[in-house]
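The structure file my_file-v4.cif is reproduced below (mmCIF, C-alpha atoms and all ligand atoms).
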data_protein
#
loop_
_atom_site.label_atom_id
_atom_site.label_comp_id
_atom_site.auth_asym_id
_atom_site.auth_seq_id
_atom_site.Cartn_x
_atom_site.Cartn_y
_atom_site.Cartn_z
CA MET A 194 24.02 -25.38 -46.99
CA ALA A 195 21.81 -26.06 -43.98
CA SER A 196 18.97 -28.52 -43.54
CA ALA A 197 15.84 -28.77 -41.42
CA VAL A 198 13.16 -31.40 -40.91
CA PHE A 199 9.57 -30.51 -41.78
CA ARG A 200 6.41 -32.33 -40.80
CA PHE A 201 3.00 -31.30 -42.14
CA TYR A 202 -0.17 -32.29 -40.35
CA GLU A 203 -3.69 -33.24 -41.38
CA GLU A 204 -5.01 -31.85 -44.66
CA LEU A 205 -1.84 -29.86 -45.34
CA ASN A 206 -0.52 -33.18 -46.62
CA ASP A 207 -2.87 -32.83 -49.61
CA PHE A 208 -0.47 -30.22 -51.01
CA LEU A 209 2.46 -32.65 -50.98
CA PRO A 210 3.21 -35.35 -53.55
CA PRO A 211 1.85 -38.71 -52.26
CA ALA A 212 5.30 -40.09 -51.42
CA ARG A 213 6.04 -37.16 -49.11
CA ARG A 214 2.83 -37.15 -47.07
CA LYS A 215 2.64 -37.74 -43.32
CA ARG A 216 6.36 -38.23 -42.82
CA ASP A 217 9.41 -36.22 -41.86
CA LEU A 218 10.85 -34.30 -44.81
CA ARG A 219 14.41 -33.10 -44.77
CA LEU A 220 14.90 -29.91 -46.76
CA ALA A 221 18.28 -28.43 -47.65
CA PHE A 222 18.37 -24.63 -47.85
CA THR A 223 20.68 -21.68 -47.86
CA PRO A 224 20.34 -19.60 -44.68
CA PRO A 225 18.95 -17.21 -43.77
CA ALA A 226 15.54 -18.51 -44.84
CA PRO A 227 12.17 -17.43 -43.39
CA VAL A 228 10.02 -20.43 -42.51
CA ARG A 229 7.26 -19.18 -44.79
CA HIS A 230 9.54 -19.45 -47.81
CA LEU A 231 10.58 -23.01 -46.99
CA ILE A 232 7.00 -24.13 -46.37
CA GLU A 233 5.96 -22.74 -49.76
CA THR A 234 8.99 -24.30 -51.44
CA LEU A 235 7.52 -27.62 -50.33
CA GLY A 236 4.21 -26.66 -51.99
CA VAL A 237 1.99 -25.49 -49.12
CA PRO A 238 0.52 -21.94 -49.41
CA HIS A 239 1.00 -19.89 -46.25
CA THR A 240 -2.71 -19.00 -46.15
CA GLU A 241 -3.49 -22.63 -45.29
CA VAL A 242 -1.19 -22.67 -42.27
CA GLU A 243 -2.51 -21.80 -38.84
CA LEU A 244 0.31 -22.75 -36.52
CA ILE A 245 4.03 -23.32 -36.90
CA LEU A 246 6.25 -24.82 -34.24
CA ILE A 247 10.01 -24.63 -34.59
CA ASN A 248 11.64 -27.01 -32.13
CA GLY A 249 8.36 -27.01 -30.21
CA GLU A 250 8.04 -23.20 -29.93
CA SER A 251 5.37 -21.16 -31.76
CA ALA A 252 6.86 -19.24 -34.66
CA GLY A 253 5.66 -16.49 -37.00
CA LEU A 254 5.88 -16.76 -40.79
CA ASP A 255 9.00 -14.61 -40.96
CA GLN A 256 10.99 -16.47 -38.35
CA ARG A 257 14.23 -17.82 -39.73
CA VAL A 258 14.95 -21.49 -39.78
CA ALA A 259 18.40 -22.60 -38.59
CA ASP A 260 20.41 -25.68 -39.46
CA GLY A 261 19.06 -28.73 -37.66
CA ASP A 262 15.69 -27.19 -36.74
CA ARG A 263 12.56 -29.26 -36.60
CA VAL A 264 9.50 -27.53 -38.04
CA SER A 265 5.91 -28.73 -37.45
CA VAL A 266 3.21 -27.13 -39.58
CA TYR A 267 -0.49 -27.33 -38.74
CA PRO A 268 -3.69 -26.27 -40.54
CA MET A 269 -6.60 -24.58 -38.79
CA PHE A 270 -7.77 -26.63 -35.85
CA GLU A 271 -11.47 -27.21 -35.59
CA SER A 272 -11.70 -28.66 -32.14
CA LEU A 273 -8.39 -28.08 -30.38
CA ASP A 274 -7.90 -24.90 -28.41
CA ILE A 275 -4.57 -23.41 -29.41
CA SER A 276 -5.14 -20.01 -27.83
CA PRO A 277 -2.06 -20.30 -25.58
CA LEU A 278 0.04 -20.57 -28.74
CA LEU A 279 0.88 -17.86 -31.20
CA ARG A 280 -1.35 -17.89 -34.23
CA ILE A 281 0.48 -16.77 -37.30
CA ARG A 282 -2.11 -14.18 -38.19
CA ARG A 283 -4.85 -12.33 -36.44
CA ARG A 284 -8.08 -14.11 -36.98
CA PRO A 285 -10.85 -13.97 -37.87
CA LEU A 286 -11.47 -10.92 -39.98
CA ARG A 287 -14.22 -9.16 -38.09
CA GLU A 288 -16.68 -9.30 -40.94
CA PRO A 289 -15.92 -12.07 -43.42
CA ARG A 290 -15.80 -10.63 -46.93
CA PHE A 291 -14.50 -12.40 -50.00
CA VAL A 292 -12.98 -12.02 -53.39
CA ALA A 293 -13.27 -15.10 -55.60
CA ASP A 294 -11.20 -15.80 -58.68
CA ALA A 295 -12.94 -16.05 -62.05
CA HIS A 296 -13.29 -19.86 -61.90
CA LEU A 297 -15.45 -19.74 -58.79
CA GLY A 298 -18.47 -17.87 -60.13
CA LYS A 299 -21.08 -20.25 -58.75
CA LEU A 300 -19.47 -20.30 -55.32
CA ALA A 301 -19.51 -16.49 -55.35
CA HIS A 302 -23.23 -16.52 -56.14
CA TYR A 303 -23.97 -18.94 -53.31
CA LEU A 304 -21.96 -16.87 -50.83
CA ARG A 305 -23.91 -13.78 -51.84
CA MET A 306 -27.12 -15.71 -51.38
CA LEU A 307 -26.09 -16.36 -47.79
CA GLY A 308 -25.44 -12.64 -47.41
CA PHE A 309 -21.65 -12.49 -47.74
CA ASP A 310 -20.05 -9.57 -49.55
CA THR A 311 -18.25 -11.39 -52.38
CA LEU A 312 -16.50 -9.85 -55.35
CA LEU A 313 -16.04 -12.01 -58.41
CA ALA A 314 -12.86 -11.08 -60.21
CA SER A 315 -13.24 -11.92 -63.86
CA ASP A 316 -10.49 -10.92 -66.29
CA CYS A 317 -8.33 -9.78 -63.43
CA PRO A 318 -4.59 -10.54 -63.37
CA ASP A 319 -3.37 -12.45 -60.30
CA ARG A 320 -1.39 -9.47 -59.09
CA GLU A 321 -4.49 -7.29 -59.06
CA LEU A 322 -6.60 -9.95 -57.41
CA ALA A 323 -4.09 -10.30 -54.58
CA ALA A 324 -3.96 -6.52 -54.22
CA ILE A 325 -7.77 -6.26 -53.95
CA ALA A 326 -7.81 -8.94 -51.24
CA ALA A 327 -5.13 -7.14 -49.25
CA ALA A 328 -6.47 -3.59 -49.67
CA GLN A 329 -10.11 -4.44 -48.93
CA HIS A 330 -9.42 -7.04 -46.23
CA ARG A 331 -11.13 -9.72 -48.23
CA ILE A 332 -10.50 -13.44 -47.96
CA LEU A 333 -9.15 -14.64 -51.30
CA LEU A 334 -10.89 -17.76 -52.59
CA THR A 335 -9.12 -19.75 -55.28
CA ARG A 336 -7.97 -23.17 -56.43
CA ASP A 337 -4.69 -21.62 -57.57
CA ARG A 338 -1.94 -22.37 -55.05
CA ALA A 339 0.53 -19.93 -56.57
CA LEU A 340 -1.95 -17.11 -56.06
CA LEU A 341 -2.19 -17.88 -52.35
CA MET A 342 1.60 -17.89 -52.10
CA ARG A 343 1.79 -14.21 -52.97
CA ARG A 344 3.26 -12.39 -50.05
CA ILE A 345 0.65 -9.63 -50.01
CA VAL A 346 -2.20 -12.09 -49.35
CA THR A 347 -2.87 -12.34 -45.63
CA HIS A 348 -6.21 -14.16 -45.64
CA GLY A 349 -6.92 -16.74 -48.26
CA CYS A 350 -8.61 -20.04 -48.61
CA TYR A 351 -7.67 -22.85 -50.95
CA VAL A 352 -10.96 -24.20 -52.26
CA ARG A 353 -10.63 -27.97 -52.26
CA ALA A 354 -13.98 -29.22 -53.54
CA ARG A 355 -14.76 -29.13 -57.26
CA ARG A 356 -18.56 -28.82 -57.11
CA PRO A 357 -19.90 -25.40 -56.13
CA LEU A 358 -22.17 -26.65 -53.32
CA GLY A 359 -19.31 -28.72 -51.90
CA GLN A 360 -17.12 -25.63 -52.10
CA LEU A 361 -19.70 -23.62 -50.20
CA GLU A 362 -19.94 -26.30 -47.54
CA ASP A 363 -16.13 -26.33 -47.14
CA ILE A 364 -15.91 -22.56 -46.78
CA VAL A 365 -18.80 -22.27 -44.31
CA ARG A 366 -17.32 -25.02 -42.14
CA ARG A 367 -13.70 -23.93 -42.33
CA LEU A 368 -14.41 -20.29 -41.58
CA ASP A 369 -17.18 -21.04 -39.11
CA LEU A 370 -19.66 -18.84 -40.95
CA CYS A 371 -22.95 -20.29 -39.68
CA ARG A 372 -23.57 -17.44 -37.28
CA CYS A 373 -22.97 -14.80 -39.96
CA ILE A 374 -25.45 -16.08 -42.54
CA ARG A 375 -28.04 -13.45 -43.53
CA PRO A 376 -30.17 -14.50 -46.50
CA PHE A 377 -31.86 -11.78 -48.54
CA SER A 378 -29.30 -9.14 -47.73
CA ARG A 379 -27.20 -9.32 -50.90
CA CYS A 380 -27.82 -9.65 -54.63
CA MET A 381 -26.60 -12.90 -56.20
CA ARG A 382 -26.10 -11.17 -59.54
CA CYS A 383 -24.15 -8.04 -58.63
CA ASN A 384 -23.32 -8.21 -54.89
CA GLY A 385 -25.48 -5.10 -54.26
CA ASP A 386 -27.54 -4.57 -51.09
CA LEU A 387 -31.09 -5.92 -51.04
CA GLU A 388 -33.99 -4.00 -49.54
CA ALA A 389 -37.43 -5.28 -48.66
CA VAL A 390 -40.12 -3.92 -51.01
CA ALA A 391 -43.90 -3.96 -51.02
CA LYS A 392 -45.44 -6.50 -53.37
CA ALA A 393 -47.33 -3.73 -55.14
CA ASP A 394 -44.04 -2.11 -56.17
CA VAL A 395 -42.72 -5.17 -57.97
CA GLU A 396 -45.90 -7.05 -58.92
CA HIS A 397 -45.69 -6.10 -62.57
CA ARG A 398 -42.29 -7.76 -62.86
CA LEU A 399 -43.16 -11.12 -61.27
CA PRO A 400 -43.86 -14.42 -62.99
CA ASP A 401 -47.43 -15.66 -62.38
CA ASP A 402 -46.41 -18.32 -59.85
CA ALA A 403 -44.42 -15.92 -57.73
CA ARG A 404 -47.22 -13.36 -57.79
CA ARG A 405 -49.74 -15.96 -56.66
CA ILE A 406 -47.72 -17.72 -53.95
CA PHE A 407 -45.38 -15.21 -52.30
CA SER A 408 -45.96 -12.09 -50.28
CA GLU A 409 -42.43 -11.04 -49.26
CA PHE A 410 -40.07 -9.51 -51.81
CA TRP A 411 -36.65 -7.89 -51.93
CA ARG A 412 -35.04 -5.72 -54.57
CA CYS A 413 -31.37 -5.05 -55.33
CA ALA A 414 -30.40 -1.42 -54.87
CA GLY A 415 -27.72 -1.92 -57.52
CA CYS A 416 -29.25 -3.76 -60.47
CA GLY A 417 -32.96 -3.88 -59.58
CA GLN A 418 -33.22 -7.71 -59.53
CA VAL A 419 -36.24 -8.88 -57.50
CA TYR A 420 -35.99 -11.85 -55.08
CA TRP A 421 -38.45 -14.04 -53.20
CA LYS A 422 -38.28 -17.29 -51.23
CA GLY A 423 -38.61 -19.58 -54.23
CA GLY A 424 -36.97 -22.92 -55.09
CA HIS A 425 -33.43 -21.58 -54.96
CA TYR A 426 -33.96 -20.30 -51.46
CA GLN A 427 -35.53 -23.54 -50.22
CA ARG A 428 -32.59 -25.59 -51.54
CA MET A 429 -30.13 -23.23 -49.92
CA ARG A 430 -32.01 -23.32 -46.63
CA ARG A 431 -31.83 -27.13 -46.52
CA LEU A 432 -28.13 -27.01 -47.29
CA VAL A 433 -27.46 -24.48 -44.52
CA GLU A 434 -29.47 -26.57 -42.06
CA ARG A 435 -27.37 -29.58 -42.91
CA ILE A 436 -24.03 -27.78 -42.67
CA CYS A 437 -24.82 -25.81 -39.56
CA SER A 438 -26.60 -28.44 -37.49
CA HIS A 439 -23.30 -30.01 -36.39
ZN ZN B 1 -27.99 -6.65 -58.07
#

Let's see the structure in the file written out as structure tokens.
Ligand SMILES: [Zn+2]
Amino acid sequence: MASAVFRFYEELNDFLPPARRKRDLRLAFTPPAPVRHLIETLGVPHTEVELILINGESAGLDQRVADGDRVSVYPMFESLDISPLLRIRRRPLREPRFVADAHLGKLAHYLRMLGFDTLLASDCPDRELAAIAAAQHRILLTRDRALLMRRIVTHGCYVRARRPLGQLEDIVRRLDLCRCIRPFSRCMRCNGDLEAVAKADVEHRLPDDARRIFSEFWRCAGCGQVYWKGGHYQRMRRLVERICSH
């Protein structure tokens, strides 16, 4: 039996039981053990980890831990430049695309409203969900830690907040999405592409208020849903201004 000392930083402590937070943790293990396995044994999904130092040196997820090692584990840094160090995965995905688990339906709708390609996986076993994320290079969004611990998942995001707008705010901040927001490019209902349409083409389908007030319209190429800059859009715009003005 070997043992190593682990220290988790910042919000990674949220995954630990209260008594184990923000302190050195000694973990006994049977070598050889990849650092990823030991980190997950302690309860932290590898998708949440951005940087690992073993005895002060950057390490990848598969590096083996030896008896007596000291392992420091960090989440994504917002303000600190760690470019001289080895990130444990290539980042970011060039075009952020998502797959959300079935419990995050509202978050998926909001992401689509901001223009992000987001699949909502309802009635989909965990194994399949992880496979979709890996095969389609999608960031897996879930509140299920075990799902993020699946080896096949390279990019995932543990959704901390419980309310959908709080979840959206977390994701936009964490993944630095402000510059990628493109409203009226994607259907909230089905994730299809939206196209601008002339008012005359959709007039017969509009409620009276929308027909009277608005002049710009979009239609989903997939399901035919018609969109305009109504109340939903105004609320979203205020939210985006608040999140992205920092
Ligand atoms: Zn649609």

### Query
Quick one, how far is atom CA of Val419 of chain A from atom CA of Thr311 of chain A?
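These atoms are spaced 18.9 Å apart.
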
Protein and nucleic residues near ligand ZN 1 (chain B), 6 Å, all atoms listed in the file, as a PDB file with C-alpha atoms, in the frame of the given file:
ATOM      1  CA  CYS A 380     -27.820  -9.650 -54.630  1.00  0.00           C
ATOM      2  CA  ARG A 382     -26.100 -11.170 -59.540  1.00  0.00           C
ATOM      3  CA  CYS A 383     -24.150  -8.040 -58.630  1.00  0.00           C
ATOM      4  CA  ASN A 384     -23.320  -8.210 -54.890  1.00  0.00           C
ATOM      5  CA  GLY A 385     -25.480  -5.100 -54.260  1.00  0.00           C
ATOM      6  CA  CYS A 413     -31.370  -5.050 -55.330  1.00  0.00           C
ATOM      7  CA  GLY A 415     -27.720  -1.920 -57.520  1.00  0.00           C
ATOM      8  CA  CYS A 416     -29.250  -3.760 -60.470  1.00  0.00           C
ATOM      9  CA  GLY A 417     -32.960  -3.880 -59.580  1.00  0.00           C
ATOM     10  CA  GLN A 418     -33.220  -7.710 -59.530  1.00  0.00           C
TER      11      GLN A 418
END

#### Entry: Exercise: Glu203 of chain A partners within 12 Å, all atoms listed in the file, chain neighbours under 4 positions left out, as a PyMOL selection string
chain A and resi 207-209+214-216+241-243+265-271

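Atom CA of Leu361 of chain A is found 19.5 Å from atom CA of Leu205 of chain A.
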
### Query
What lies within 7 Å of Pro225 of chain A using all atoms listed in the file, ignoring chain neighbours under 2 positions off, as a PyMOL selection string?
chain A and resi 223+227+257

Can you rebuild segment 331-349 of chain A with N, CA and C atoms and give it as a PDB file, keeping the file's coordinate frame?
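See rebuild13.pdb below for the written result:
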ATOM      1  N   ARG A 331     -10.249  -8.643 -47.780  1.00  0.00           N
ATOM      2  CA  ARG A 331     -11.130  -9.720 -48.230  1.00  0.00           C
ATOM      3  C   ARG A 331     -10.365 -11.038 -48.211  1.00  0.00           C
ATOM      4  N   ILE A 332     -11.093 -12.109 -47.939  1.00  0.00           N
ATOM      5  CA  ILE A 332     -10.500 -13.440 -47.960  1.00  0.00           C
ATOM      6  C   ILE A 332     -10.476 -13.910 -49.414  1.00  0.00           C
ATOM      7  N   LEU A 333      -9.304 -14.243 -49.901  1.00  0.00           N
ATOM      8  CA  LEU A 333      -9.150 -14.640 -51.300  1.00  0.00           C
ATOM      9  C   LEU A 333      -9.504 -16.120 -51.462  1.00  0.00           C
ATOM     10  N   LEU A 334     -10.455 -16.387 -52.329  1.00  0.00           N
ATOM     11  CA  LEU A 334     -10.890 -17.760 -52.590  1.00  0.00           C
ATOM     12  C   LEU A 334     -10.386 -18.198 -53.960  1.00  0.00           C
ATOM     13  N   THR A 335      -9.673 -19.304 -54.001  1.00  0.00           N
ATOM     14  CA  THR A 335      -9.120 -19.750 -55.280  1.00  0.00           C
ATOM     15  C   THR A 335      -8.713 -21.223 -55.190  1.00  0.00           C
ATOM     16  N   ARG A 336      -8.562 -21.832 -56.373  1.00  0.00           N
ATOM     17  CA  ARG A 336      -7.970 -23.170 -56.430  1.00  0.00           C
ATOM     18  C   ARG A 336      -6.548 -23.081 -56.975  1.00  0.00           C
ATOM     19  N   ASP A 337      -6.022 -21.874 -57.022  1.00  0.00           N
ATOM     20  CA  ASP A 337      -4.690 -21.620 -57.570  1.00  0.00           C
ATOM     21  C   ASP A 337      -3.700 -21.414 -56.416  1.00  0.00           C
ATOM     22  N   ARG A 338      -2.885 -22.425 -56.180  1.00  0.00           N
ATOM     23  CA  ARG A 338      -1.940 -22.370 -55.050  1.00  0.00           C
ATOM     24  C   ARG A 338      -0.963 -21.208 -55.159  1.00  0.00           C
ATOM     25  N   ALA A 339      -0.488 -20.973 -56.388  1.00  0.00           N
ATOM     26  CA  ALA A 339       0.530 -19.930 -56.570  1.00  0.00           C
ATOM     27  C   ALA A 339      -0.030 -18.561 -56.171  1.00  0.00           C
ATOM     28  N   LEU A 340      -1.311 -18.377 -56.419  1.00  0.00           N
ATOM     29  CA  LEU A 340      -1.950 -17.110 -56.060  1.00  0.00           C
ATOM     30  C   LEU A 340      -1.931 -16.914 -54.538  1.00  0.00           C
ATOM     31  N   LEU A 341      -2.188 -17.973 -53.814  1.00  0.00           N
ATOM     32  CA  LEU A 341      -2.190 -17.880 -52.350  1.00  0.00           C
ATOM     33  C   LEU A 341      -0.785 -17.704 -51.781  1.00  0.00           C
ATOM     34  N   MET A 342       0.221 -18.031 -52.582  1.00  0.00           N
ATOM     35  CA  MET A 342       1.600 -17.890 -52.100  1.00  0.00           C
ATOM     36  C   MET A 342       2.114 -16.467 -52.244  1.00  0.00           C
ATOM     37  N   ARG A 343       1.341 -15.605 -52.857  1.00  0.00           N
ATOM     38  CA  ARG A 343       1.790 -14.210 -52.970  1.00  0.00           C
ATOM     39  C   ARG A 343       1.883 -13.604 -51.577  1.00  0.00           C
ATOM     40  N   ARG A 344       2.954 -12.884 -51.379  1.00  0.00           N
ATOM     41  CA  ARG A 344       3.260 -12.390 -50.050  1.00  0.00           C
ATOM     42  C   ARG A 344       2.194 -11.436 -49.510  1.00  0.00           C
ATOM     43  N   ILE A 345       1.602 -10.666 -50.410  1.00  0.00           N
ATOM     44  CA  ILE A 345       0.650  -9.630 -50.010  1.00  0.00           C
ATOM     45  C   ILE A 345      -0.649 -10.215 -49.432  1.00  0.00           C
ATOM     46  N   VAL A 346      -0.939 -11.465 -49.787  1.00  0.00           N
ATOM     47  CA  VAL A 346      -2.200 -12.090 -49.350  1.00  0.00           C
ATOM     48  C   VAL A 346      -2.091 -12.524 -47.891  1.00  0.00           C
ATOM     49  N   THR A 347      -2.917 -11.943 -47.031  1.00  0.00           N
ATOM     50  CA  THR A 347      -2.870 -12.340 -45.630  1.00  0.00           C
ATOM     51  C   THR A 347      -3.939 -13.370 -45.307  1.00  0.00           C
ATOM     52  N   HIS A 348      -5.124 -13.223 -45.898  1.00  0.00           N
ATOM     53  CA  HIS A 348      -6.210 -14.160 -45.640  1.00  0.00           C
ATOM     54  C   HIS A 348      -6.668 -14.770 -46.952  1.00  0.00           C
ATOM     55  N   GLY A 349      -6.504 -16.055 -47.042  1.00  0.00           N
ATOM     56  CA  GLY A 349      -6.920 -16.740 -48.260  1.00  0.00           C
ATOM     57  C   GLY A 349      -7.422 -18.104 -47.907  1.00  0.00           C
TER      58      GLY A 349
END
